[in-house]
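Here the structure comes first, spelled out in structure tokens, and everything after it is commentary.
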Amino acid sequence: MLRIVSVFLVATVLNLAYELLHSWLYKTCREASLKKYSYLMVKACLFDGIAITIIYYFSILFFKNFYLLAFATITLAFAYVWEIHSLKKGKWEYAKEMPIVFGVGLTPLAQLFLTGIATLYLCQVF
């Protein structure tokens, strides 16, 4: 249980930093008031922290020795599906500077994978 809590806390902090660093690539963030921007950052980092924790837990549970491969695959697939869904629903809009790959932004596509792997490393889960 302590490992799961550690994964959640580290993932949330890393994702807050990642969100703040790439938020300028979102038109939604650029146009938001400080109050709305703060809300968006907190909501996003908590969502990402929870997602990484759940994906980690189920990767360990179902894929045991191959959990890292499963974790990487699932985080990338989840991020892609979530981006497509969120763009279609108008949850956010990219700025023109956002690099696009496979119809979604590169930085949000890579986010869960990169921050997830960093989280597992920092929590010494390997």
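Quick note on naming: the chains in the structure tokens go A, B, ... in the order shown, residues restart at 1 in each chain, and ligands are numbered from 1 in order of appearance.
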Q. Where in chain A does DSSP assign alpha helix (DSSP H), given as number ranges by chain?
A. A: 2-22, 27-30, 34-63, 67-89, 106-122
Q) Which residues, written as a PyMOL selection string, have at least one atom at most 12 Å from Phe8 (chain A), with only C-alpha atoms counted and residues fewer than 5 positions away on the same chain left out? A) chain A and resi 1-3+13-15+45-57+115-116+119-120+122-123
Write the selection just made, keeping N, CA, C and O atoms, as a CSV table (one decimal), in the first residue's frame?
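Final output, saved to part01.csv:
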chain,number,residue,atom,x,y,z
A,1,MET,N,0.8,-1.2,0.0
A,1,MET,CA,0.0,0.0,0.0
A,1,MET,C,0.9,1.3,0.0
A,1,MET,O,0.5,2.2,-0.7
A,2,LEU,N,2.0,1.2,0.8
A,2,LEU,CA,2.9,2.4,0.8
A,2,LEU,C,3.5,2.7,-0.6
A,2,LEU,O,3.6,3.9,-0.9
A,3,ARG,N,3.8,1.6,-1.3
A,3,ARG,CA,4.3,1.8,-2.7
A,3,ARG,C,3.3,2.5,-3.6
A,3,ARG,O,3.6,3.4,-4.3
A,13,VAL,N,3.3,15.1,-8.4
A,13,VAL,CA,4.2,16.2,-8.4
A,13,VAL,C,4.9,16.3,-9.8
A,13,VAL,O,5.1,17.4,-10.3
A,14,LEU,N,5.4,15.2,-10.3
A,14,LEU,CA,6.0,15.2,-11.6
A,14,LEU,C,5.1,15.7,-12.7
A,14,LEU,O,5.5,16.5,-13.6
A,15,ASN,N,3.8,15.3,-12.6
A,15,ASN,CA,2.9,15.8,-13.6
A,15,ASN,C,2.5,17.3,-13.5
A,15,ASN,O,2.2,17.9,-14.5
A,45,CYS,N,-2.9,17.5,-13.0
A,45,CYS,CA,-1.9,16.7,-12.4
A,45,CYS,C,-2.5,15.6,-11.5
A,45,CYS,O,-1.9,14.5,-11.4
A,46,LEU,N,-3.6,15.9,-10.9
A,46,LEU,CA,-4.3,14.8,-10.0
A,46,LEU,C,-4.8,13.7,-10.9
A,46,LEU,O,-4.6,12.5,-10.6
A,47,PHE,N,-5.4,14.1,-12.0
A,47,PHE,CA,-5.9,13.1,-13.0
A,47,PHE,C,-4.7,12.2,-13.5
A,47,PHE,O,-4.8,11.0,-13.5
A,48,ASP,N,-3.6,12.8,-13.8
A,48,ASP,CA,-2.5,12.1,-14.3
A,48,ASP,C,-1.9,11.2,-13.3
A,48,ASP,O,-1.5,10.1,-13.5
A,49,GLY,N,-1.8,11.7,-12.0
A,49,GLY,CA,-1.3,10.9,-10.9
A,49,GLY,C,-2.1,9.7,-10.6
A,49,GLY,O,-1.6,8.6,-10.4
A,50,ILE,N,-3.4,9.9,-10.7
A,50,ILE,CA,-4.3,8.7,-10.5
A,50,ILE,C,-4.2,7.8,-11.6
A,50,ILE,O,-4.1,6.5,-11.4
A,51,ALA,N,-4.1,8.2,-12.9
A,51,ALA,CA,-4.0,7.4,-14.0
A,51,ALA,C,-2.7,6.5,-14.0
A,51,ALA,O,-2.8,5.3,-14.2
A,52,ILE,N,-1.6,7.2,-13.7
A,52,ILE,CA,-0.3,6.4,-13.6
A,52,ILE,C,-0.4,5.4,-12.4
A,52,ILE,O,0.1,4.3,-12.6
A,53,THR,N,-1.0,5.7,-11.3
A,53,THR,CA,-1.1,4.8,-10.2
A,53,THR,C,-1.9,3.6,-10.6
A,53,THR,O,-1.5,2.4,-10.3
A,54,ILE,N,-3.1,3.8,-11.2
A,54,ILE,CA,-3.9,2.7,-11.6
A,54,ILE,C,-3.3,1.8,-12.7
A,54,ILE,O,-3.3,0.6,-12.6
A,55,ILE,N,-2.7,2.5,-13.6
A,55,ILE,CA,-2.0,1.7,-14.7
A,55,ILE,C,-0.8,0.9,-14.1
A,55,ILE,O,-0.6,-0.3,-14.5
A,56,TYR,N,-0.1,1.5,-13.2
A,56,TYR,CA,1.0,0.7,-12.5
A,56,TYR,C,0.5,-0.5,-11.8
A,56,TYR,O,1.0,-1.6,-11.9
A,57,TYR,N,-0.6,-0.2,-11.0
A,57,TYR,CA,-1.2,-1.3,-10.2
A,57,TYR,C,-1.6,-2.5,-11.0
A,57,TYR,O,-1.3,-3.6,-10.8
A,115,THR,N,6.5,10.7,-17.5
A,115,THR,CA,6.3,11.0,-16.1
A,115,THR,C,6.1,9.6,-15.3
A,115,THR,O,6.5,9.5,-14.2
A,116,GLY,N,5.5,8.7,-16.0
A,116,GLY,CA,5.2,7.4,-15.3
A,116,GLY,C,6.5,6.6,-15.1
A,116,GLY,O,6.8,6.1,-14.0
A,119,THR,N,8.5,8.3,-12.5
A,119,THR,CA,7.9,8.0,-11.2
A,119,THR,C,8.4,6.6,-10.7
A,119,THR,O,8.8,6.5,-9.5
A,120,LEU,N,8.3,5.6,-11.6
A,120,LEU,CA,8.7,4.3,-11.2
A,120,LEU,C,10.2,4.3,-10.8
A,120,LEU,O,10.6,3.6,-9.8
A,122,LEU,N,12.0,6.9,-9.6
A,122,LEU,CA,12.2,7.6,-8.4
A,122,LEU,C,11.6,6.8,-7.2
A,122,LEU,O,12.2,6.9,-6.1
A,123,CYS,N,10.6,6.0,-7.4
A,123,CYS,CA,10.1,5.2,-6.3
A,123,CYS,C,10.8,3.8,-6.2
A,123,CYS,O,10.4,3.0,-5.4
Q: Pull the strand (DSSP E or B) assignments for chain A out of DSSP run on the backbone, and list those residues as a PyMOL selection string.
A: chain A and resi 26+94+100-101+104-105
Q: For region 26-42 of chain A, work out the shell of residues within 7 Å, counting only C-alpha atoms and skipping chain neighbours fewer than 4 positions away, then give it as a ChimeraX atom specification.
A: /A:16,19,46,92-95
Q | Between CA of Thr12 (chain A) and CA of Trp82 (chain A), distance in Å (one decimal) | A |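 One can read the CA of Thr12 (chain A) to CA of Trp82 (chain A) distance as 17.6 Å.
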Q | Straight-line distance linking CA of Leu25 (chain A) with CA of His85 (chain A), stated in Å to one decimal | A | 18.1 Å
Q.
Just checking: using only C-alpha atoms, which residue out of A:Gln124, A:Gln111, A:Ile4, A:Ala118 ends up closest to Phe78 (chain A)?
A.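 Looking only at the distances to Phe78 (chain A), the closest residue turns out to be A:Gln111.
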Q: Extract, using only C-alpha atoms, all DNA, RNA and protein residues at most 12 Å from Val101 (chain A), discarding same-chain residues fewer than 3 positions from it, and format them as a VMD selection string.
A: chain A and resid 80 83 to 84 98 104 to 110
